[in-house]
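Structure below is structure_26.cif: mmCIF, C-alpha atoms.
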```
data_model
loop_
_atom_site.label_atom_id
_atom_site.label_comp_id
_atom_site.auth_asym_id
_atom_site.auth_seq_id
_atom_site.Cartn_x
_atom_site.Cartn_y
_atom_site.Cartn_z
CA MET A 22 33.58 -18.24 -0.14
CA ALA A 23 30.46 -17.00 -1.91
CA THR A 24 32.42 -13.95 -3.09
CA ASN A 25 34.93 -16.14 -4.89
CA LEU A 26 32.13 -18.24 -6.34
CA LEU A 27 30.40 -15.20 -7.84
CA LYS A 28 33.69 -13.78 -9.08
CA SER A 29 34.33 -17.03 -10.93
CA TYR A 30 31.11 -16.35 -12.87
CA PHE A 31 31.55 -12.57 -13.03
CA PRO A 32 35.26 -11.72 -13.23
CA MET A 33 34.52 -7.97 -13.32
CA ILE A 34 33.57 -8.05 -9.60
CA GLN A 35 36.00 -6.01 -7.53
CA SER A 36 37.24 -6.98 -4.10
CA ARG A 37 36.20 -5.12 -0.98
CA GLU A 38 39.77 -3.83 -0.62
CA GLU A 39 39.81 -2.45 -4.17
CA ILE A 40 36.50 -0.66 -3.62
CA LEU A 41 37.61 0.87 -0.31
CA GLN A 42 40.88 2.01 -1.87
CA ARG A 43 38.98 3.86 -4.59
CA ILE A 44 36.66 5.43 -2.02
CA TYR A 45 39.43 6.63 0.30
CA THR A 46 41.53 8.12 -2.49
CA ASN A 47 38.67 10.47 -3.41
CA PRO A 48 37.69 12.99 -0.69
CA ARG A 49 34.17 13.47 -2.07
CA MET A 50 33.52 9.71 -2.21
CA GLN A 51 35.03 9.27 1.26
CA GLN A 52 32.77 11.98 2.70
CA LEU A 53 29.69 10.39 1.15
CA PHE A 54 30.68 6.91 2.30
CA GLU A 55 31.26 8.08 5.88
CA SER A 56 27.87 9.83 5.92
CA TRP A 57 26.21 6.41 5.74
CA THR A 58 25.53 4.20 8.73
CA VAL A 59 27.75 1.17 9.34
CA LEU A 60 25.00 -1.14 8.07
CA GLN A 61 24.56 0.94 4.91
CA GLN A 62 28.32 0.87 4.29
CA LYS A 63 28.30 -2.91 4.71
CA GLU A 64 25.36 -3.33 2.32
CA PHE A 65 27.10 -1.23 -0.33
CA LEU A 66 30.40 -3.11 -0.02
CA ASP A 67 28.62 -6.48 0.07
CA PHE A 68 26.76 -6.11 -3.22
CA CYS A 69 29.63 -4.37 -5.01
CA SER A 70 32.12 -7.08 -3.97
CA GLY A 71 29.76 -10.00 -4.57
CA ALA A 72 29.45 -10.99 -0.90
CA ARG A 73 25.73 -10.53 -1.46
CA GLY A 74 23.77 -10.25 -4.65
CA ILE A 75 22.51 -6.95 -6.02
CA LYS A 76 18.98 -5.88 -5.13
CA VAL A 77 17.60 -5.70 -8.64
CA LEU A 78 14.57 -3.64 -7.62
CA TYR A 79 16.73 -0.69 -6.68
CA ASP A 80 15.50 1.79 -9.27
CA SER A 81 18.86 2.52 -10.91
CA PHE A 82 19.68 -1.18 -11.27
CA PHE A 83 16.26 -2.19 -12.58
CA LYS A 84 16.09 0.66 -15.08
CA GLU A 85 19.58 -0.16 -16.35
CA VAL A 86 19.20 -3.90 -16.68
CA MET A 87 15.62 -3.77 -18.00
CA ASN A 88 15.87 -0.67 -20.18
CA PRO A 89 13.96 -1.57 -23.37
CA GLU A 90 15.98 0.96 -25.36
CA TYR A 91 19.16 -1.06 -24.68
CA ASP A 92 17.82 -4.58 -24.82
CA PRO A 93 14.03 -4.87 -25.31
CA ALA A 94 14.17 -8.68 -25.23
CA ARG A 95 14.66 -8.68 -21.45
CA LEU A 96 11.53 -6.69 -20.63
CA GLU A 97 9.62 -8.52 -23.36
CA SER A 98 10.56 -11.83 -21.72
CA PHE A 99 9.42 -10.60 -18.30
CA LEU A 100 6.09 -9.26 -19.58
CA THR A 101 5.46 -12.31 -21.78
CA ALA A 102 5.92 -14.62 -18.78
CA LEU A 103 3.79 -12.37 -16.58
CA LEU A 104 0.92 -11.79 -19.00
CA ASN A 105 1.13 -15.33 -20.40
CA ARG A 106 1.00 -14.02 -23.96
CA LYS A 107 3.60 -12.85 -26.47
CA VAL A 108 4.65 -9.24 -25.87
CA ARG A 109 6.70 -6.97 -28.14
CA ILE A 110 7.96 -3.55 -27.06
CA LYS A 111 6.45 -1.03 -29.46
CA GLU A 112 7.22 2.28 -27.79
CA VAL A 113 8.85 3.61 -24.66
CA LEU A 114 6.93 6.54 -23.24
CA PRO A 115 8.81 9.73 -22.34
CA ASN A 116 8.69 11.05 -18.81
CA ASP A 117 5.37 12.83 -18.34
CA SER A 118 5.33 16.10 -16.43
CA THR A 119 1.68 15.53 -15.55
CA ARG A 120 2.49 12.50 -13.38
CA LEU A 121 0.69 12.43 -10.07
CA SER A 122 2.47 14.81 -7.72
CA ASP A 123 5.37 13.32 -5.76
CA GLU A 124 4.55 9.81 -6.99
CA SER A 125 6.78 9.61 -10.07
CA SER A 126 9.70 8.34 -7.98
CA LEU A 127 7.77 5.12 -7.48
CA LEU A 128 7.66 4.46 -11.21
CA ILE A 129 10.02 1.80 -12.55
CA THR A 130 8.95 1.79 -16.18
CA ASP A 131 6.14 3.00 -18.39
CA ILE A 132 5.87 1.62 -21.91
CA ILE A 133 3.52 0.77 -24.74
CA VAL A 134 3.72 -2.85 -25.81
CA GLU A 135 2.12 -4.81 -28.61
CA LEU A 136 0.45 -8.11 -27.69
CA GLU A 137 0.41 -11.21 -29.82
CA ASP A 138 -3.04 -10.38 -31.24
CA GLY A 139 -1.77 -7.01 -32.47
CA SER A 140 -3.50 -5.01 -29.75
CA LEU A 141 -1.59 -2.45 -27.74
CA ALA A 142 -1.22 -2.26 -24.00
CA ASN A 143 0.02 0.57 -21.86
CA ILE A 144 2.07 -1.04 -19.08
CA GLU A 145 3.34 0.60 -15.94
CA VAL A 146 5.48 -1.18 -13.37
CA GLN A 147 5.46 0.29 -9.88
CA LYS A 148 7.32 -0.58 -6.71
CA ILE A 149 5.22 0.47 -3.73
CA GLY A 150 4.31 -0.95 -0.36
CA TYR A 151 2.29 1.66 1.38
CA ALA A 152 -1.00 1.48 3.17
CA PHE A 153 -4.22 1.84 1.15
CA PRO A 154 -2.80 0.09 -1.95
CA GLY A 155 -6.23 -0.22 -3.58
CA ALA A 156 -6.89 3.51 -3.58
CA ARG A 157 -3.36 4.34 -4.72
CA CYS A 158 -3.35 1.76 -7.52
CA ALA A 159 -6.75 2.89 -8.78
CA CYS A 160 -5.40 6.44 -9.00
CA TYR A 161 -2.21 5.30 -10.78
CA SER A 162 -4.18 3.24 -13.29
CA SER A 163 -6.65 6.06 -13.94
CA ASP A 164 -3.78 8.50 -14.38
CA MET A 165 -2.16 6.14 -16.88
CA LEU A 166 -5.44 5.79 -18.82
CA LEU A 167 -5.95 9.55 -18.87
CA ARG A 168 -2.41 10.18 -20.13
CA GLN A 169 -3.01 7.68 -22.94
CA TYR A 170 -6.32 9.40 -23.79
CA LYS A 171 -4.58 12.79 -24.05
CA ARG A 172 -1.82 11.29 -26.20
CA VAL A 173 -4.30 9.62 -28.58
CA ARG A 174 -6.38 12.82 -28.81
CA GLN A 175 -3.33 14.86 -29.78
CA ARG A 176 -2.29 12.35 -32.43
CA SER A 177 -5.80 12.14 -33.91
CA ILE A 178 -5.73 15.74 -35.11
CA ASP A 179 -4.34 16.15 -38.64
CA PRO A 180 -1.74 18.95 -38.47
CA VAL A 181 -2.58 20.05 -42.03
CA THR A 182 -6.36 19.87 -42.23
CA GLY A 183 -7.11 20.07 -38.52
CA ARG A 184 -9.51 17.16 -38.94
CA ASP A 185 -10.11 15.19 -35.73
CA THR A 186 -10.22 11.42 -36.28
CA PHE A 187 -10.29 10.47 -32.61
CA SER A 188 -12.14 7.29 -31.64
CA TYR A 189 -12.40 5.62 -28.25
CA ARG A 190 -11.61 2.38 -30.09
CA ASN A 191 -8.04 3.69 -30.29
CA ILE A 192 -7.68 3.65 -26.50
CA SER A 193 -5.75 0.53 -25.51
CA LYS A 194 -5.83 -1.58 -22.38
CA VAL A 195 -3.68 -0.43 -19.45
CA TYR A 196 -1.92 -2.83 -17.12
CA LEU A 197 -0.70 -1.71 -13.72
CA ILE A 198 1.95 -4.12 -12.44
CA VAL A 199 2.94 -3.60 -8.82
CA LEU A 200 5.96 -5.37 -7.32
CA TYR A 201 5.79 -5.49 -3.53
CA GLU A 202 9.06 -6.23 -1.77
CA LYS A 203 7.11 -6.12 1.49
CA SER A 204 3.44 -6.88 1.07
CA PRO A 205 0.84 -4.56 2.59
CA ASP A 206 -1.64 -6.00 5.09
CA GLU A 207 -4.29 -6.63 2.45
CA LEU A 208 -2.02 -9.00 0.52
CA LYS A 209 -0.74 -10.70 3.67
CA LYS A 210 -4.31 -11.86 4.25
CA CYS A 211 -3.80 -14.15 1.23
CA PRO A 212 -0.64 -16.00 2.31
CA ASP A 213 -1.19 -18.82 -0.17
CA HIS A 214 -1.02 -16.53 -3.20
CA TRP A 215 1.90 -14.40 -4.35
CA ILE A 216 0.36 -13.11 -7.59
CA HIS A 217 -3.05 -11.47 -7.93
CA ARG A 218 -4.65 -10.60 -11.27
CA SER A 219 -7.70 -8.39 -11.41
CA LYS A 220 -10.06 -7.03 -14.02
CA VAL A 221 -13.50 -5.42 -13.76
CA SER A 222 -16.38 -7.90 -14.01
CA PHE A 223 -20.16 -7.67 -13.71
CA ASP A 224 -22.46 -9.79 -11.54
CA SER A 225 -24.91 -10.10 -14.47
CA GLY A 226 -22.38 -11.85 -16.70
CA LEU A 227 -22.07 -8.79 -18.94
CA SER A 228 -18.87 -8.93 -20.98
CA MET A 229 -17.28 -5.51 -21.40
CA ASP A 230 -13.58 -4.63 -21.25
CA LEU A 231 -13.13 -1.46 -19.19
CA LEU A 232 -9.44 -1.40 -20.14
CA GLN A 233 -7.93 -1.39 -16.64
CA ASP A 234 -6.21 -4.56 -15.42
CA TYR A 235 -4.06 -4.99 -12.33
CA ILE A 236 -1.33 -7.44 -11.41
CA PHE A 237 -0.03 -7.41 -7.83
CA ILE A 238 3.06 -9.46 -7.03
CA SER A 239 4.12 -10.18 -3.44
CA LEU A 240 7.81 -11.01 -3.67
CA ASP A 241 8.12 -11.72 0.06
CA ILE A 242 5.25 -14.23 -0.08
CA PHE A 243 6.76 -15.74 -3.24
CA ARG A 244 10.07 -16.32 -1.43
CA SER A 245 8.33 -18.00 1.50
CA LYS A 246 6.29 -20.22 -0.85
CA MET A 247 9.35 -21.20 -2.90
CA HIS A 248 11.57 -22.02 0.09
CA ASN A 249 13.44 -25.28 -0.67
CA LYS A 250 11.44 -25.69 -3.91
CA LYS A 251 12.89 -26.05 -7.38
CA VAL A 252 12.27 -23.23 -9.85
CA THR A 253 10.57 -24.76 -12.90
CA THR A 254 9.00 -21.90 -14.87
CA LEU A 255 10.35 -18.76 -16.48
CA LEU A 256 7.94 -16.65 -14.42
CA GLU A 257 9.31 -18.16 -11.20
CA ALA A 258 12.84 -17.51 -12.49
CA TRP A 259 11.97 -13.86 -13.03
CA MET A 260 10.61 -13.62 -9.49
CA ILE A 261 13.85 -15.14 -8.16
CA PHE A 262 15.87 -12.63 -10.18
CA LEU A 263 13.85 -9.73 -8.79
CA SER A 264 13.78 -10.82 -5.16
CA ILE A 265 16.93 -12.66 -4.06
CA ASP A 266 20.42 -11.50 -3.15
CA ASP A 267 21.83 -14.80 -1.93
CA PRO A 268 24.92 -15.71 -4.02
CA ASP A 269 24.20 -19.45 -4.00
CA GLU A 270 20.67 -18.86 -5.31
CA ILE A 271 22.02 -16.52 -7.98
CA ILE A 272 24.38 -19.23 -9.18
CA GLN A 273 21.54 -21.76 -9.21
CA LEU A 274 19.42 -19.31 -11.21
CA ILE A 275 22.00 -18.57 -13.92
CA THR A 276 22.82 -22.28 -14.15
CA SER A 277 19.19 -23.29 -14.73
CA PHE A 278 18.26 -20.16 -16.71
CA PRO A 279 21.42 -18.88 -18.47
CA GLN A 280 19.54 -15.93 -19.98
CA PHE A 281 19.84 -14.16 -16.62
CA LYS A 282 23.64 -14.23 -16.55
CA PRO A 283 24.05 -11.28 -18.97
CA MET A 284 21.73 -9.26 -16.75
CA TYR A 285 23.99 -9.81 -13.74
CA GLU A 286 26.97 -8.97 -15.92
CA THR A 287 25.31 -5.63 -16.70
CA LEU A 288 24.78 -4.97 -13.00
CA TYR A 289 28.31 -5.90 -11.94
CA GLN A 290 29.72 -3.82 -14.79
CA MET A 291 27.80 -0.88 -13.33
CA CYS A 292 29.43 -1.57 -9.96
CA ARG A 293 32.90 -1.03 -11.44
CA ASN A 294 32.15 2.69 -11.58
CA VAL A 295 32.28 3.13 -7.81
CA GLU A 296 31.54 6.86 -7.81
CA ASN A 297 28.42 6.50 -9.95
CA ILE A 298 27.14 3.50 -8.03
CA MET A 299 27.65 5.38 -4.74
CA GLY A 300 25.45 8.15 -6.14
CA PHE A 301 22.79 5.62 -7.16
CA PHE A 302 22.90 3.96 -3.76
CA SER A 303 22.78 7.29 -1.92
CA GLU A 304 19.71 8.33 -3.90
CA GLU A 305 18.11 4.96 -3.14
CA LEU A 306 18.73 5.56 0.58
CA ARG A 307 17.14 9.01 0.34
CA GLU A 308 14.16 7.58 -1.50
CA MET A 309 13.75 4.85 1.10
CA ASP A 310 13.81 7.53 3.80
CA ARG A 311 11.13 9.50 1.98
CA ASN A 312 9.07 6.39 1.43
CA THR A 313 9.44 5.47 5.10
CA VAL A 314 8.16 8.90 6.09
CA ARG A 315 5.21 8.54 3.72
CA TYR A 316 4.49 5.09 5.06
CA MET A 317 4.64 6.35 8.66
CA ILE A 318 2.30 9.22 7.78
CA ASP A 319 -0.13 6.73 6.20
CA GLU A 320 0.10 4.46 9.24
CA LEU A 321 -0.43 7.37 11.63
CA GLN A 322 -3.37 8.55 9.56
CA LYS A 323 -4.80 5.04 9.70
CA GLU A 324 -4.46 5.07 13.50
CA VAL A 325 -6.07 8.52 13.68
CA ASP A 326 -8.95 7.32 11.49
CA VAL A 327 -9.44 4.26 13.72
CA GLN A 328 -9.33 6.41 16.84
CA ASN A 329 -11.76 8.92 15.33
CA ALA A 330 -14.11 6.08 14.41
CA THR A 331 -13.83 4.72 17.96
CA ILE A 332 -14.49 8.17 19.40
CA ALA A 333 -17.51 8.59 17.12
CA GLU A 334 -18.79 5.18 18.13
CA ASN A 335 -18.25 5.93 21.82
CA THR A 336 -19.94 9.31 21.38
CA ALA A 337 -22.95 7.62 19.81
CA VAL A 338 -23.09 5.10 22.69
CA ILE A 339 -22.82 7.92 25.23
CA ALA A 340 -25.59 9.82 23.44
CA GLU A 341 -27.80 6.71 23.58
CA MET A 342 -27.01 6.27 27.27
CA ASN A 343 -27.77 9.94 27.96
CA ALA A 344 -31.08 9.60 26.11
CA ALA A 345 -31.93 6.50 28.17
CA ILE A 346 -30.96 8.30 31.39
CA ALA A 347 -33.08 11.31 30.39
CA GLU A 348 -36.03 9.01 29.69
CA LYS A 349 -35.61 7.31 33.07
CA GLU A 350 -35.31 10.67 34.80
CA SER A 351 -38.52 11.76 33.07
CA LEU A 352 -40.29 8.61 34.30
CA ILE A 353 -38.94 9.18 37.81
CA ALA A 354 -40.13 12.79 37.67
CA GLU A 355 -43.60 11.60 36.61
CA LYS A 356 -43.63 9.07 39.45
CA ASP A 357 -42.44 11.72 41.92
CA SER A 358 -45.22 14.02 40.72
CA ALA A 359 -47.80 11.22 41.13
CA LEU A 360 -46.44 10.43 44.60
CA ALA A 361 -46.61 14.11 45.53
CA GLU A 362 -50.21 14.24 44.32
CA LYS A 363 -51.06 11.13 46.34
CA GLU A 364 -49.34 12.56 49.40
CA SER A 365 -51.35 15.77 48.96
CA LEU A 366 -54.60 13.76 48.76
CA ILE A 367 -53.60 11.78 51.84
CA ALA A 368 -52.82 15.03 53.66
CA GLU A 369 -56.23 16.40 52.68
CA LYS A 370 -57.89 13.18 53.90
CA ASP A 371 -55.90 13.32 57.14
CA SER A 372 -57.01 16.94 57.62
CA ALA A 373 -60.66 15.99 56.99
CA LEU A 374 -60.37 13.09 59.42
CA ALA A 375 -58.84 15.38 62.03
CA GLU A 376 -61.69 17.84 61.54
CA LYS A 377 -64.22 15.01 61.93
CA ASP A 378 -62.45 13.84 65.07
CA SER A 379 -62.60 17.36 66.41
CA LEU A 380 -66.34 17.60 65.67
CA LEU A 381 -66.90 14.21 67.23
CA SER A 382 -65.01 15.32 70.32
CA LYS A 383 -67.12 18.48 70.55
CA SER A 384 -70.31 16.48 70.03
CA ALA A 385 -69.29 14.03 72.75
CA ALA A 386 -68.56 16.92 75.14
CA THR A 387 -71.92 18.51 74.36
CA ILE A 388 -73.72 15.20 74.90
CA ALA A 389 -71.90 14.68 78.18
CA ALA A 390 -72.91 18.17 79.33
CA LEU A 391 -76.54 17.59 78.38
CA GLN A 392 -76.58 14.25 80.17
CA ALA A 393 -75.13 15.85 83.26
CA GLU A 394 -77.77 18.64 83.18
CA LEU A 395 -80.52 16.06 82.62
CA SER A 396 -79.30 14.02 85.58
CA ARG A 397 -79.29 17.12 87.79
CA LEU A 398 -82.78 18.05 86.80
CA LYS A 399 -84.06 14.55 87.62
CA ASN A 400 -82.66 14.76 91.12
CA LEU A 401 -84.56 17.95 91.98
#
```
Is it possible to express this structure as structure tokens?
Amino acid sequence: MATNLLKSYFPMIQSREEILQRIYTNPRMQQLFESWTVLQQKEFLDFCSGARGIKVLYDSFFKEVMNPEYDPARLESFLTALLNRKVRIKEVLPNDSTRLSDESSLLITDIIVELEDGSLANIEVQKIGYAFPGARCACYSSDMLLRQYKRVRQRSIDPVTGRDTFSYRNISKVYLIVLYEKSPDELKKCPDHWIHRSKVSFDSGLSMDLLQDYIFISLDIFRSKMHNKKVTTLLEAWMIFLSIDDPDEIIQLITSFPQFKPMYETLYQMCRNVENIMGFFSEELREMDRNTVRYMIDELQKEVDVQNATIAENTAVIAEMNAAIAEKESLIAEKDSALAEKESLIAEKDSALAEKDSLLSKSAATIAALQAELSRLKNL
């Protein structure tokens, strides 16, 4: 069985029976476990017992296994492969209370790194999959740049003399790295590409670094592209590590790239503390619920916007049709008026003709009377 296979590589993995025994001997753990759905219970038992691999992008797992304060080499390896240049962790940023409201839960890590040329980069890794990713990512990147600006400004003031040595040259590049477990519609329109790198450019050929670069990674598209293909690069290995939970693939990964085995050891060591891992998993479920609600709100808003646009378009068409109808009615009214005028003229002509006929009739009667009188006079 796959469970036995993984356990042969990671002896710290507990059996399903051992995990359940721990849960049901603790009333609080039992209550929490039974508050989950059957599918959620199965998922928890599967990854803890090794029946399935651990979903590394669960926040608690990722932050533990990739924490640069514990082992900076792991995150340095990931960023070096991703940026295709040597990266060294220089500083880990503290949590910032000025983070965009209600968005901080989407943050996986936020650090300052030093690149091979000695320059610094402010790197933020996010895990989001909502609608309108362009607008959201632009806001995240701008927020990251602004936080760096405030930090540099504060550090540029000499605490003794009060002298301000701030220079915009001290503002470093910011990278926003977004890992999509499920790609939004915009990225699905590019099914042949699982990684997208962006920087601001000018149509004139002007060369100017505006400091904001983006890297979007579609893990679902990556998996479909790599189906039945051999992993050959470290970057591909990292994508496998972040996206798969199939035990056979995990074994293939740690066999070809042994540097990932200690990371799984860290994760399975975490799973030995069943109570803590239940808390992590429960929080992940709550976060997924919140994210689902946000996603549904975004989707509903998108539908409302489409419907409003359709209504506006239909209203414009109706207005055009009403204007055309009004114009036709005006033409008809003009024609009716002309017809009425013609009918009035015809009536006048008919009246004049009737009057002439009457005069002619009178004249004929008078002539007949005169002829009769003339005939009588001739006979005398």
Selected residue, from A:Leu274, A:Leu27, A:Leu100, A:Ile367, that lies nearest to Thr253 of chain A when counting all atoms listed in the file: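 Among the listed residues, the smallest separation from Thr253 of chain A belongs to A:Leu274.
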Nearest candidate to Leu78 of chain A (options A:Asn249, A:Asn294, A:Asn191, A:Ser264; using only C-alpha atoms):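 Going through A:Asn249, A:Asn294, A:Asn191, A:Ser264 one by one, the smallest distance to Leu78 of chain A is for A:Ser264.
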Separation of atom CA of Met342 of chain A from atom CA of Ala330 of chain A in Å: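 So the two atoms, atom CA of Ala330 of chain A and atom CA of Met342 of chain A, lie 18.2 Å apart.
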Picked residues, the PyMOL selection byres ((chain A and resi 210-227) around 12), expected as a ChimeraX atom specification: /A:103-105,155,158-159,162,194-209,228-247,256-257,260
Would you mind exporting the chosen residues as a PDB file, in the frame of the given file, restricted to C-alpha atoms?
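Everything below was put into part33.pdb:
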```
ATOM      1  CA  LEU A 103       3.790 -12.370 -16.580  1.00  0.00           C
ATOM      2  CA  LEU A 104       0.920 -11.790 -19.000  1.00  0.00           C
ATOM      3  CA  ASN A 105       1.130 -15.330 -20.400  1.00  0.00           C
ATOM      4  CA  GLY A 155      -6.230  -0.220  -3.580  1.00  0.00           C
ATOM      5  CA  CYS A 158      -3.350   1.760  -7.520  1.00  0.00           C
ATOM      6  CA  ALA A 159      -6.750   2.890  -8.780  1.00  0.00           C
ATOM      7  CA  SER A 162      -4.180   3.240 -13.290  1.00  0.00           C
ATOM      8  CA  LYS A 194      -5.830  -1.580 -22.380  1.00  0.00           C
ATOM      9  CA  VAL A 195      -3.680  -0.430 -19.450  1.00  0.00           C
ATOM     10  CA  TYR A 196      -1.920  -2.830 -17.120  1.00  0.00           C
ATOM     11  CA  LEU A 197      -0.700  -1.710 -13.720  1.00  0.00           C
ATOM     12  CA  ILE A 198       1.950  -4.120 -12.440  1.00  0.00           C
ATOM     13  CA  VAL A 199       2.940  -3.600  -8.820  1.00  0.00           C
ATOM     14  CA  LEU A 200       5.960  -5.370  -7.320  1.00  0.00           C
ATOM     15  CA  TYR A 201       5.790  -5.490  -3.530  1.00  0.00           C
ATOM     16  CA  GLU A 202       9.060  -6.230  -1.770  1.00  0.00           C
ATOM     17  CA  LYS A 203       7.110  -6.120   1.490  1.00  0.00           C
ATOM     18  CA  SER A 204       3.440  -6.880   1.070  1.00  0.00           C
ATOM     19  CA  PRO A 205       0.840  -4.560   2.590  1.00  0.00           C
ATOM     20  CA  ASP A 206      -1.640  -6.000   5.090  1.00  0.00           C
ATOM     21  CA  GLU A 207      -4.290  -6.630   2.450  1.00  0.00           C
ATOM     22  CA  LEU A 208      -2.020  -9.000   0.520  1.00  0.00           C
ATOM     23  CA  LYS A 209      -0.740 -10.700   3.670  1.00  0.00           C
ATOM     24  CA  SER A 228     -18.870  -8.930 -20.980  1.00  0.00           C
ATOM     25  CA  MET A 229     -17.280  -5.510 -21.400  1.00  0.00           C
ATOM     26  CA  ASP A 230     -13.580  -4.630 -21.250  1.00  0.00           C
ATOM     27  CA  LEU A 231     -13.130  -1.460 -19.190  1.00  0.00           C
ATOM     28  CA  LEU A 232      -9.440  -1.400 -20.140  1.00  0.00           C
ATOM     29  CA  GLN A 233      -7.930  -1.390 -16.640  1.00  0.00           C
ATOM     30  CA  ASP A 234      -6.210  -4.560 -15.420  1.00  0.00           C
ATOM     31  CA  TYR A 235      -4.060  -4.990 -12.330  1.00  0.00           C
ATOM     32  CA  ILE A 236      -1.330  -7.440 -11.410  1.00  0.00           C
ATOM     33  CA  PHE A 237      -0.030  -7.410  -7.830  1.00  0.00           C
ATOM     34  CA  ILE A 238       3.060  -9.460  -7.030  1.00  0.00           C
ATOM     35  CA  SER A 239       4.120 -10.180  -3.440  1.00  0.00           C
ATOM     36  CA  LEU A 240       7.810 -11.010  -3.670  1.00  0.00           C
ATOM     37  CA  ASP A 241       8.120 -11.720   0.060  1.00  0.00           C
ATOM     38  CA  ILE A 242       5.250 -14.230  -0.080  1.00  0.00           C
ATOM     39  CA  PHE A 243       6.760 -15.740  -3.240  1.00  0.00           C
ATOM     40  CA  ARG A 244      10.070 -16.320  -1.430  1.00  0.00           C
ATOM     41  CA  SER A 245       8.330 -18.000   1.500  1.00  0.00           C
ATOM     42  CA  LYS A 246       6.290 -20.220  -0.850  1.00  0.00           C
ATOM     43  CA  MET A 247       9.350 -21.200  -2.900  1.00  0.00           C
ATOM     44  CA  LEU A 256       7.940 -16.650 -14.420  1.00  0.00           C
ATOM     45  CA  GLU A 257       9.310 -18.160 -11.200  1.00  0.00           C
ATOM     46  CA  MET A 260      10.610 -13.620  -9.490  1.00  0.00           C
TER      47      MET A 260
END
```
Would you place a box with edges along x, y and z of the file around all atoms of segment 269-280 of chain A listed there, add 4 Å to each of its six sides, and report the centre and edge lengths in Å to one decimal, as AutoDock Vina command-line options?
```
--center_x 21.3 --center_y -19.6 --center_z -12.0 --size_x 14.1 --size_y 15.4 --size_z 24.0
```
Distance in Å - atom CA of Gln61 of chain A versus atom CA of His248 of chain A: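 Calculated distance between atom CA of Gln61 of chain A and atom CA of His248 of chain A is 26.8 Å.
Picture a line from atom CA of Arg37 of chain A to atom CA of Ser70 of chain A; it runs 5.4 Å.
Residue nearest Thr276 of chain A, chosen from A:Leu263, A:Val295, A:Ile192, A:Val252 and counting all atoms listed in the file: A:Val252.
Among the candidates A:Ile298, A:Ser351, A:Leu255, A:Lys383, the residue lying nearest to Pro279 of chain A is A:Leu255 (atoms considered: all atoms listed in the file).
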Residues matched by the PyMOL selection byres ((chain A and resi 40) around 10) as a ChimeraX atom specification: /A:34-39,41-45,65-66,69-70,292-296
Residues matched by the PyMOL selection byres ((chain A and resi 30) around 10), written as a list of chain:residue names: A:Asn25, A:Leu26, A:Leu27, A:Lys28, A:Ser29, A:Phe31, A:Pro32, A:Met33, A:Ile34, A:Ile272, A:Ile275, A:Lys282, A:Tyr285, A:Glu286
Shell around Lys171 of chain A at 12 Å using only C-alpha atoms, local window under 2 positions removed, as a PyMOL selection string: chain A and resi 117+119+164-169+173-178+187+189+191-192
